[in-house]
>>> print(open('data-v9.txt').read())   # compact mmCIF, N, CA and C atoms
# COMPACT_ATOMS: atom_id res chain seq x y z
N MET A 1166 53.65 -31.46 -98.65
CA MET A 1166 52.63 -30.45 -98.72
C MET A 1166 51.23 -31.05 -98.52
N ARG A 1167 51.01 -32.20 -99.17
CA ARG A 1167 49.70 -32.85 -99.06
C ARG A 1167 49.40 -33.24 -97.61
N GLY A 1168 50.43 -33.68 -96.87
CA GLY A 1168 50.27 -34.03 -95.46
C GLY A 1168 49.82 -32.85 -94.63
N LYS A 1169 50.31 -31.66 -94.93
CA LYS A 1169 49.91 -30.46 -94.19
C LYS A 1169 48.45 -30.10 -94.45
N VAL A 1170 48.01 -30.29 -95.69
CA VAL A 1170 46.62 -30.00 -96.04
C VAL A 1170 45.69 -30.96 -95.30
N ILE A 1171 46.06 -32.25 -95.29
CA ILE A 1171 45.24 -33.24 -94.58
C ILE A 1171 45.22 -32.93 -93.08
N ALA A 1172 46.37 -32.56 -92.52
CA ALA A 1172 46.43 -32.22 -91.10
C ALA A 1172 45.56 -31.01 -90.79
N ALA A 1173 45.51 -30.05 -91.70
CA ALA A 1173 44.67 -28.87 -91.49
C ALA A 1173 43.20 -29.25 -91.48
N PHE A 1174 42.79 -30.14 -92.40
CA PHE A 1174 41.40 -30.59 -92.42
C PHE A 1174 41.04 -31.38 -91.16
N VAL A 1175 41.95 -32.21 -90.71
CA VAL A 1175 41.71 -32.98 -89.49
C VAL A 1175 41.57 -32.03 -88.30
N ALA A 1176 42.45 -31.04 -88.20
CA ALA A 1176 42.38 -30.07 -87.10
C ALA A 1176 41.06 -29.29 -87.14
N ALA A 1177 40.65 -28.89 -88.36
CA ALA A 1177 39.38 -28.16 -88.48
C ALA A 1177 38.21 -29.06 -88.06
N GLY A 1178 38.27 -30.34 -88.43
CA GLY A 1178 37.21 -31.27 -88.04
C GLY A 1178 37.13 -31.45 -86.54
N VAL A 1179 38.28 -31.59 -85.89
CA VAL A 1179 38.32 -31.74 -84.43
C VAL A 1179 37.77 -30.49 -83.76
N MET A 1180 38.14 -29.33 -84.23
CA MET A 1180 37.66 -28.08 -83.63
C MET A 1180 36.15 -27.93 -83.81
N SER A 1181 35.63 -28.36 -84.96
CA SER A 1181 34.19 -28.22 -85.18
C SER A 1181 33.39 -29.11 -84.23
N VAL A 1182 34.00 -30.17 -83.73
CA VAL A 1182 33.34 -31.04 -82.76
C VAL A 1182 33.53 -30.50 -81.35
N CYS A 1183 34.71 -29.99 -81.04
CA CYS A 1183 35.04 -29.55 -79.67
C CYS A 1183 34.29 -28.29 -79.26
N ILE A 1184 34.14 -27.34 -80.14
CA ILE A 1184 33.50 -26.07 -79.79
C ILE A 1184 32.06 -26.27 -79.34
N PRO A 1185 31.22 -27.06 -80.06
CA PRO A 1185 29.86 -27.30 -79.55
C PRO A 1185 29.84 -28.01 -78.21
N LEU A 1186 30.80 -28.88 -77.95
CA LEU A 1186 30.85 -29.56 -76.66
C LEU A 1186 31.07 -28.57 -75.53
N LEU A 1187 31.93 -27.59 -75.75
CA LEU A 1187 32.16 -26.57 -74.72
C LEU A 1187 30.91 -25.73 -74.53
N ALA A 1188 30.21 -25.42 -75.60
CA ALA A 1188 29.01 -24.60 -75.50
C ALA A 1188 27.91 -25.33 -74.73
N HIS A 1189 27.87 -26.64 -74.80
CA HIS A 1189 26.86 -27.43 -74.09
C HIS A 1189 26.89 -27.15 -72.59
N HIS A 1190 28.05 -26.86 -72.06
CA HIS A 1190 28.17 -26.65 -70.62
C HIS A 1190 28.12 -25.19 -70.22
N GLY A 1191 27.69 -24.33 -71.11
CA GLY A 1191 27.55 -22.92 -70.81
C GLY A 1191 26.29 -22.65 -70.00
N THR A 1192 26.18 -21.43 -69.51
CA THR A 1192 25.01 -21.05 -68.72
C THR A 1192 24.24 -19.91 -69.37
N ALA A 1193 24.52 -19.62 -70.64
CA ALA A 1193 23.88 -18.49 -71.32
C ALA A 1193 22.37 -18.62 -71.43
N ALA A 1194 21.84 -19.83 -71.44
CA ALA A 1194 20.39 -20.03 -71.59
C ALA A 1194 19.62 -19.74 -70.31
N PHE A 1195 20.32 -19.62 -69.17
CA PHE A 1195 19.65 -19.49 -67.89
C PHE A 1195 19.66 -18.07 -67.35
N GLU A 1196 18.64 -17.74 -66.58
CA GLU A 1196 18.56 -16.46 -65.86
C GLU A 1196 19.41 -16.62 -64.60
N ASN A 1197 20.70 -16.43 -64.74
CA ASN A 1197 21.63 -16.71 -63.64
C ASN A 1197 21.49 -15.77 -62.45
N GLU A 1198 20.81 -14.67 -62.62
CA GLU A 1198 20.59 -13.72 -61.52
C GLU A 1198 19.17 -13.79 -60.97
N LYS A 1199 18.36 -14.71 -61.49
CA LYS A 1199 16.95 -14.79 -61.10
C LYS A 1199 16.64 -16.17 -60.58
N LYS A 1200 16.39 -16.28 -59.29
CA LYS A 1200 16.00 -17.56 -58.70
C LYS A 1200 14.49 -17.56 -58.50
N VAL A 1201 13.86 -18.67 -58.90
CA VAL A 1201 12.42 -18.83 -58.75
C VAL A 1201 12.18 -19.97 -57.76
N ILE A 1202 11.27 -19.76 -56.82
CA ILE A 1202 10.92 -20.79 -55.84
C ILE A 1202 9.56 -21.37 -56.21
N LEU A 1203 9.53 -22.69 -56.39
CA LEU A 1203 8.33 -23.38 -56.83
C LEU A 1203 7.98 -24.51 -55.87
N LYS A 1204 6.70 -24.63 -55.54
CA LYS A 1204 6.23 -25.76 -54.73
C LYS A 1204 5.50 -26.70 -55.67
N GLY A 1205 5.90 -27.98 -55.62
CA GLY A 1205 5.28 -28.92 -56.54
C GLY A 1205 5.40 -30.35 -56.09
N THR A 1206 4.98 -31.25 -56.98
CA THR A 1206 4.98 -32.68 -56.73
C THR A 1206 5.94 -33.35 -57.70
N VAL A 1207 6.86 -34.13 -57.15
CA VAL A 1207 7.83 -34.84 -57.99
C VAL A 1207 7.08 -35.85 -58.86
N THR A 1208 7.40 -35.83 -60.16
CA THR A 1208 6.86 -36.85 -61.06
C THR A 1208 7.94 -37.86 -61.41
N GLU A 1209 9.21 -37.41 -61.41
CA GLU A 1209 10.32 -38.33 -61.67
C GLU A 1209 11.64 -37.68 -61.26
N TRP A 1210 12.51 -38.49 -60.67
CA TRP A 1210 13.87 -38.08 -60.31
C TRP A 1210 14.81 -39.01 -61.07
N LEU A 1211 15.41 -38.49 -62.13
CA LEU A 1211 16.28 -39.29 -62.99
C LEU A 1211 17.72 -39.12 -62.55
N TRP A 1212 18.30 -40.16 -62.03
CA TRP A 1212 19.67 -40.17 -61.53
C TRP A 1212 20.53 -40.76 -62.64
N SER A 1213 21.00 -39.91 -63.56
CA SER A 1213 21.70 -40.43 -64.73
C SER A 1213 22.71 -39.43 -65.28
N ASN A 1214 23.62 -39.93 -66.06
CA ASN A 1214 24.59 -39.09 -66.76
C ASN A 1214 23.98 -38.62 -68.07
N PRO A 1215 24.35 -37.47 -68.59
CA PRO A 1215 25.36 -36.58 -68.05
C PRO A 1215 24.82 -35.62 -66.99
N HIS A 1216 23.48 -35.56 -66.85
CA HIS A 1216 22.88 -34.69 -65.84
C HIS A 1216 21.71 -35.41 -65.19
N CYS A 1217 21.55 -35.23 -63.89
CA CYS A 1217 20.36 -35.72 -63.21
C CYS A 1217 19.23 -34.74 -63.53
N LEU A 1218 18.01 -35.25 -63.61
CA LEU A 1218 16.86 -34.41 -63.93
C LEU A 1218 15.76 -34.60 -62.90
N LEU A 1219 15.24 -33.49 -62.41
CA LEU A 1219 14.10 -33.51 -61.51
C LEU A 1219 12.90 -33.02 -62.29
N GLN A 1220 11.89 -33.87 -62.42
CA GLN A 1220 10.66 -33.48 -63.08
C GLN A 1220 9.59 -33.35 -62.01
N PHE A 1221 8.86 -32.23 -62.07
CA PHE A 1221 7.85 -31.98 -61.05
C PHE A 1221 6.74 -31.11 -61.61
N ASP A 1222 5.54 -31.26 -61.04
CA ASP A 1222 4.37 -30.51 -61.46
C ASP A 1222 4.08 -29.41 -60.45
N VAL A 1223 3.79 -28.22 -60.99
CA VAL A 1223 3.49 -27.05 -60.16
C VAL A 1223 2.12 -26.53 -60.56
N LYS A 1224 1.22 -26.42 -59.58
CA LYS A 1224 -0.12 -25.89 -59.86
C LYS A 1224 -0.08 -24.37 -59.71
N GLY A 1225 -0.48 -23.69 -60.77
CA GLY A 1225 -0.50 -22.23 -60.77
C GLY A 1225 -1.72 -21.69 -60.06
N GLY A 1226 -1.75 -20.37 -59.87
CA GLY A 1226 -2.87 -19.71 -59.23
C GLY A 1226 -4.17 -19.88 -59.99
N ASP A 1227 -4.07 -20.13 -61.30
CA ASP A 1227 -5.25 -20.33 -62.13
C ASP A 1227 -5.72 -21.78 -62.15
N GLY A 1228 -5.01 -22.64 -61.38
CA GLY A 1228 -5.38 -24.05 -61.30
C GLY A 1228 -4.72 -24.93 -62.36
N LYS A 1229 -4.06 -24.31 -63.33
CA LYS A 1229 -3.38 -25.09 -64.38
C LYS A 1229 -2.07 -25.64 -63.83
N VAL A 1230 -1.73 -26.84 -64.29
CA VAL A 1230 -0.50 -27.50 -63.85
C VAL A 1230 0.58 -27.33 -64.91
N ALA A 1231 1.75 -26.88 -64.48
CA ALA A 1231 2.91 -26.76 -65.37
C ALA A 1231 3.88 -27.86 -65.01
N HIS A 1232 4.36 -28.58 -66.00
CA HIS A 1232 5.34 -29.66 -65.79
C HIS A 1232 6.73 -29.05 -65.95
N TRP A 1233 7.48 -28.98 -64.85
CA TRP A 1233 8.82 -28.40 -64.84
C TRP A 1233 9.87 -29.51 -64.93
N ILE A 1234 11.00 -29.16 -65.54
CA ILE A 1234 12.17 -30.04 -65.55
C ILE A 1234 13.36 -29.23 -65.08
N GLY A 1235 13.98 -29.72 -64.01
CA GLY A 1235 15.16 -29.07 -63.45
C GLY A 1235 16.38 -29.94 -63.64
N GLU A 1236 17.44 -29.35 -64.13
CA GLU A 1236 18.67 -30.07 -64.40
C GLU A 1236 19.67 -29.85 -63.27
N THR A 1237 20.43 -30.89 -62.95
CA THR A 1237 21.52 -30.76 -62.00
C THR A 1237 22.79 -31.26 -62.68
N GLN A 1238 23.82 -31.48 -61.90
CA GLN A 1238 25.06 -32.04 -62.43
C GLN A 1238 24.94 -33.56 -62.55
N ASN A 1239 26.04 -34.21 -62.82
CA ASN A 1239 26.07 -35.68 -62.93
C ASN A 1239 25.97 -36.31 -61.54
N PRO A 1240 25.64 -37.60 -61.46
CA PRO A 1240 25.46 -38.25 -60.16
C PRO A 1240 26.67 -38.14 -59.22
N VAL A 1241 27.88 -38.25 -59.74
CA VAL A 1241 29.06 -38.16 -58.87
C VAL A 1241 29.14 -36.78 -58.22
N SER A 1242 28.97 -35.73 -59.02
CA SER A 1242 29.01 -34.37 -58.46
C SER A 1242 27.90 -34.16 -57.45
N MET A 1243 26.72 -34.70 -57.73
CA MET A 1243 25.59 -34.52 -56.81
C MET A 1243 25.81 -35.30 -55.51
N THR A 1244 26.41 -36.48 -55.60
CA THR A 1244 26.74 -37.25 -54.40
C THR A 1244 27.72 -36.47 -53.53
N ASN A 1245 28.65 -35.80 -54.17
CA ASN A 1245 29.65 -35.02 -53.43
C ASN A 1245 29.04 -33.89 -52.60
N VAL A 1246 27.83 -33.44 -52.96
CA VAL A 1246 27.18 -32.38 -52.18
C VAL A 1246 25.95 -32.90 -51.43
N GLY A 1247 25.89 -34.24 -51.23
CA GLY A 1247 24.89 -34.79 -50.33
C GLY A 1247 23.62 -35.34 -50.96
N TRP A 1248 23.49 -35.36 -52.28
CA TRP A 1248 22.31 -35.88 -52.93
C TRP A 1248 22.44 -37.38 -53.15
N SER A 1249 21.33 -38.06 -53.43
CA SER A 1249 21.39 -39.50 -53.72
C SER A 1249 20.27 -39.88 -54.68
N LYS A 1250 20.39 -41.08 -55.20
CA LYS A 1250 19.38 -41.61 -56.12
C LYS A 1250 18.02 -41.73 -55.44
N THR A 1251 18.04 -41.98 -54.13
CA THR A 1251 16.79 -42.18 -53.39
C THR A 1251 16.35 -40.94 -52.62
N ALA A 1252 16.95 -39.79 -52.92
CA ALA A 1252 16.61 -38.56 -52.19
C ALA A 1252 15.16 -38.16 -52.38
N MET A 1253 14.61 -38.45 -53.57
CA MET A 1253 13.23 -38.07 -53.89
C MET A 1253 12.57 -39.21 -54.66
N LYS A 1254 11.25 -39.22 -54.60
CA LYS A 1254 10.50 -40.19 -55.38
C LYS A 1254 9.22 -39.53 -55.88
N ALA A 1255 8.62 -40.14 -56.90
CA ALA A 1255 7.38 -39.61 -57.44
C ALA A 1255 6.35 -39.49 -56.32
N GLY A 1256 5.66 -38.36 -56.31
CA GLY A 1256 4.63 -38.10 -55.29
C GLY A 1256 5.11 -37.22 -54.16
N ASP A 1257 6.42 -37.08 -53.98
CA ASP A 1257 6.95 -36.21 -52.91
C ASP A 1257 6.59 -34.76 -53.19
N GLU A 1258 6.14 -34.07 -52.14
CA GLU A 1258 5.88 -32.63 -52.23
C GLU A 1258 7.18 -31.92 -51.90
N VAL A 1259 7.68 -31.10 -52.82
CA VAL A 1259 8.97 -30.45 -52.65
C VAL A 1259 8.86 -28.96 -52.96
N THR A 1260 9.84 -28.22 -52.44
CA THR A 1260 10.00 -26.81 -52.79
C THR A 1260 11.33 -26.70 -53.50
N VAL A 1261 11.28 -26.26 -54.75
CA VAL A 1261 12.45 -26.22 -55.61
C VAL A 1261 12.83 -24.77 -55.90
N THR A 1262 14.09 -24.45 -55.67
CA THR A 1262 14.63 -23.16 -56.10
C THR A 1262 15.40 -23.43 -57.38
N ILE A 1263 15.07 -22.67 -58.41
CA ILE A 1263 15.59 -22.97 -59.74
C ILE A 1263 16.03 -21.69 -60.45
N LEU A 1264 17.05 -21.80 -61.30
CA LEU A 1264 17.45 -20.72 -62.21
C LEU A 1264 16.74 -21.02 -63.52
N PRO A 1265 15.67 -20.28 -63.85
CA PRO A 1265 14.89 -20.62 -65.04
C PRO A 1265 15.62 -20.28 -66.34
N VAL A 1266 15.18 -20.89 -67.43
CA VAL A 1266 15.72 -20.54 -68.74
C VAL A 1266 15.14 -19.20 -69.16
N LYS A 1267 15.86 -18.51 -70.02
CA LYS A 1267 15.46 -17.17 -70.45
C LYS A 1267 14.23 -17.14 -71.34
N ASN A 1268 13.94 -18.23 -72.05
CA ASN A 1268 12.83 -18.20 -73.00
C ASN A 1268 11.46 -18.43 -72.37
N GLY A 1269 11.40 -18.58 -71.04
CA GLY A 1269 10.12 -18.71 -70.35
C GLY A 1269 9.56 -20.12 -70.26
N MET A 1270 10.24 -21.08 -70.86
CA MET A 1270 9.78 -22.48 -70.76
C MET A 1270 9.95 -22.96 -69.31
N PRO A 1271 9.19 -23.96 -68.89
CA PRO A 1271 9.30 -24.46 -67.50
C PRO A 1271 10.51 -25.38 -67.33
N LEU A 1272 11.68 -24.81 -67.52
CA LEU A 1272 12.96 -25.53 -67.44
C LEU A 1272 13.95 -24.70 -66.66
N GLY A 1273 14.95 -25.35 -66.06
CA GLY A 1273 15.99 -24.57 -65.39
C GLY A 1273 17.02 -25.44 -64.70
N ARG A 1274 17.96 -24.77 -64.03
CA ARG A 1274 19.00 -25.43 -63.25
C ARG A 1274 18.58 -25.40 -61.79
N VAL A 1275 18.59 -26.55 -61.15
CA VAL A 1275 18.16 -26.66 -59.75
C VAL A 1275 19.23 -26.06 -58.84
N VAL A 1276 18.82 -25.15 -57.97
CA VAL A 1276 19.69 -24.56 -56.96
C VAL A 1276 19.57 -25.35 -55.66
N SER A 1277 18.31 -25.65 -55.27
CA SER A 1277 18.07 -26.41 -54.04
C SER A 1277 16.70 -27.07 -54.10
N VAL A 1278 16.54 -28.10 -53.27
CA VAL A 1278 15.25 -28.78 -53.13
C VAL A 1278 15.01 -29.01 -51.65
N MET A 1279 13.87 -28.51 -51.14
CA MET A 1279 13.47 -28.82 -49.78
C MET A 1279 12.56 -30.04 -49.85
N LEU A 1280 12.96 -31.09 -49.17
CA LEU A 1280 12.25 -32.36 -49.18
C LEU A 1280 11.07 -32.33 -48.22
N PRO A 1281 10.16 -33.32 -48.30
CA PRO A 1281 9.00 -33.36 -47.40
C PRO A 1281 9.38 -33.37 -45.92
N ASN A 1282 10.54 -33.94 -45.57
CA ASN A 1282 10.96 -34.00 -44.17
C ASN A 1282 11.61 -32.70 -43.69
N GLY A 1283 11.69 -31.69 -44.56
CA GLY A 1283 12.26 -30.40 -44.18
C GLY A 1283 13.74 -30.26 -44.52
N LYS A 1284 14.40 -31.35 -44.87
CA LYS A 1284 15.81 -31.29 -45.24
C LYS A 1284 15.95 -30.59 -46.58
N THR A 1285 16.96 -29.73 -46.71
CA THR A 1285 17.22 -29.04 -47.96
C THR A 1285 18.51 -29.54 -48.58
N LEU A 1286 18.41 -29.96 -49.84
CA LEU A 1286 19.58 -30.35 -50.61
C LEU A 1286 19.99 -29.16 -51.47
N ILE A 1287 21.26 -28.82 -51.44
CA ILE A 1287 21.77 -27.68 -52.20
C ILE A 1287 22.68 -28.19 -53.30
N SER A 1288 22.45 -27.71 -54.52
CA SER A 1288 23.25 -28.18 -55.65
C SER A 1288 24.53 -27.38 -55.84
N GLY A 1289 24.53 -26.14 -55.38
CA GLY A 1289 25.68 -25.27 -55.61
C GLY A 1289 25.54 -24.45 -56.88
N GLU A 1290 24.47 -24.67 -57.66
CA GLU A 1290 24.26 -23.89 -58.88
C GLU A 1290 24.06 -22.43 -58.52
N GLY A 1291 24.60 -21.57 -59.33
CA GLY A 1291 24.46 -20.14 -59.11
C GLY A 1291 25.38 -19.60 -58.04
N ALA A 1292 26.25 -20.45 -57.50
CA ALA A 1292 27.18 -20.03 -56.45
C ALA A 1292 28.60 -20.04 -57.01
N PRO A 1293 29.46 -19.17 -56.50
CA PRO A 1293 30.85 -19.20 -56.95
C PRO A 1293 31.52 -20.53 -56.60
N LYS A 1294 32.58 -20.86 -57.32
CA LYS A 1294 33.30 -22.12 -57.12
C LYS A 1294 33.73 -22.29 -55.67
N GLU A 1295 34.15 -21.24 -55.01
CA GLU A 1295 34.60 -21.33 -53.62
C GLU A 1295 33.46 -21.80 -52.71
N VAL A 1296 32.25 -21.32 -52.98
CA VAL A 1296 31.09 -21.72 -52.19
C VAL A 1296 30.76 -23.18 -52.44
N ARG A 1297 30.80 -23.61 -53.71
CA ARG A 1297 30.54 -25.02 -54.03
C ARG A 1297 31.57 -25.93 -53.39
N ASP A 1298 32.85 -25.51 -53.42
CA ASP A 1298 33.91 -26.31 -52.79
C ASP A 1298 33.69 -26.42 -51.29
N GLU A 1299 33.27 -25.34 -50.65
CA GLU A 1299 33.00 -25.36 -49.21
C GLU A 1299 31.81 -26.26 -48.90
N LEU A 1300 30.79 -26.22 -49.73
CA LEU A 1300 29.63 -27.10 -49.54
C LEU A 1300 30.06 -28.56 -49.62
N GLU A 1301 30.87 -28.89 -50.62
CA GLU A 1301 31.36 -30.26 -50.76
C GLU A 1301 32.19 -30.67 -49.54
N ARG A 1302 33.03 -29.77 -49.04
CA ARG A 1302 33.84 -30.07 -47.87
C ARG A 1302 32.96 -30.35 -46.66
N GLN A 1303 31.92 -29.53 -46.47
CA GLN A 1303 31.02 -29.73 -45.33
C GLN A 1303 30.30 -31.06 -45.40
N VAL A 1304 29.84 -31.42 -46.61
CA VAL A 1304 29.13 -32.70 -46.76
C VAL A 1304 30.07 -33.86 -46.48
N GLN A 1305 31.29 -33.79 -46.98
CA GLN A 1305 32.25 -34.87 -46.76
C GLN A 1305 32.60 -35.00 -45.27
N GLN A 1306 32.73 -33.89 -44.58
CA GLN A 1306 33.01 -33.95 -43.15
C GLN A 1306 31.83 -34.52 -42.38
N GLY A 1307 30.64 -34.16 -42.80
CA GLY A 1307 29.44 -34.66 -42.13
C GLY A 1307 29.24 -36.14 -42.33
N SER A 1308 29.59 -36.64 -43.52
CA SER A 1308 29.39 -38.06 -43.78
C SER A 1308 30.47 -38.93 -43.16
N SER A 1309 31.58 -38.32 -42.75
CA SER A 1309 32.65 -39.13 -42.14
C SER A 1309 32.47 -39.28 -40.64
N LYS A 1310 31.49 -38.59 -40.06
CA LYS A 1310 31.25 -38.66 -38.62
C LYS A 1310 30.44 -39.86 -38.25
>>> encode(input="data-v9.txt", output="structure tokens")
Amino acid sequence: MRGKVIAAFVAAGVMSVCIPLLAHHGTAAFENEKKVILKGTVTEWLWSNPHCLLQFDVKGGDGKVAHWIGETQNPVSMTNVGWSKTAMKAGDEVTVTILPVKNGMPLGRVVSVMLPNGKTLISGEGAPKEVRDELERQVQQGSSK
């Protein structure tokens, strides 16, 4: 009987850890139906796990600068859709399409980034899995040529 009680406590402990981990990867905080296009200057491109982060400054119509942070997937997933550690650097002028957070903070999930040379990198955020899979297939075919 005592073994069953201990097993129940262990199971409850494992579940209390697992449920928040699943919630971390949810999209409830983002305006998934609202894409915002921002022109700004890259301040930092962090190529790291668990998510790459694009930090950039956007000057508003009133002249005030807002510091935005855009999240992407991990480096392996981003490489699969054509991104790289050297894709952007501080000082680059970029156009970022982002799914903003619901609370109005200058944060969001990056959908795409148009680089200074006109090339557009697409993250696949906000697209159905089939579209993301097709994007990955196209990038892989293009890189094998």
>>> residues_around(input="data-v9.txt", residues="segment 1276-1289 of chain A", least_positions_apart="5", cutoff="6 Å", atoms="only N, CA and C atoms", output="ChimeraX atom specification")
/A:1258-1264,1297
>>> atom_distance(input="data-v9.txt", atom1="atom N of Lys1294 of chain A", atom2="atom C of Glu1236 of chain A")
16.8 Å
>>> atom_distance(input="data-v9.txt", atom1="atom CA of Gly1235 of chain A", atom2="atom CA of Ser1213 of chain A")
13.2 Å
>>> residues_around(input="data-v9.txt", residues="Glu1209 of chain A", least_positions_apart="5", cutoff="7 Å", atoms="all atoms listed in the file", output="number ranges by chain")
A: 1218-1221, 1253-1256
>>> atom_distance(input="data-v9.txt", atom1="atom N of Lys1250 of chain A", atom2="atom CA of Glu1196 of chain A")
26.9 Å
>>> residues_around(input="data-v9.txt", residues="Pro1265 of chain A", least_positions_apart="4", cutoff="6 Å", atoms="all atoms listed in the file", output="list in words")
Ala1194, Phe1195, Glu1196, Lys1199, Lys1200, Val1201, Leu1272, Gly1273 and Arg1274 of chain A
>>> closest_residue(input="data-v9.txt", among="A:Val1207, A:Ile1202, A:Cys1217, A:Leu1300", to="Asn1239 of chain A", atoms="all atoms listed in the file")
A:Cys1217
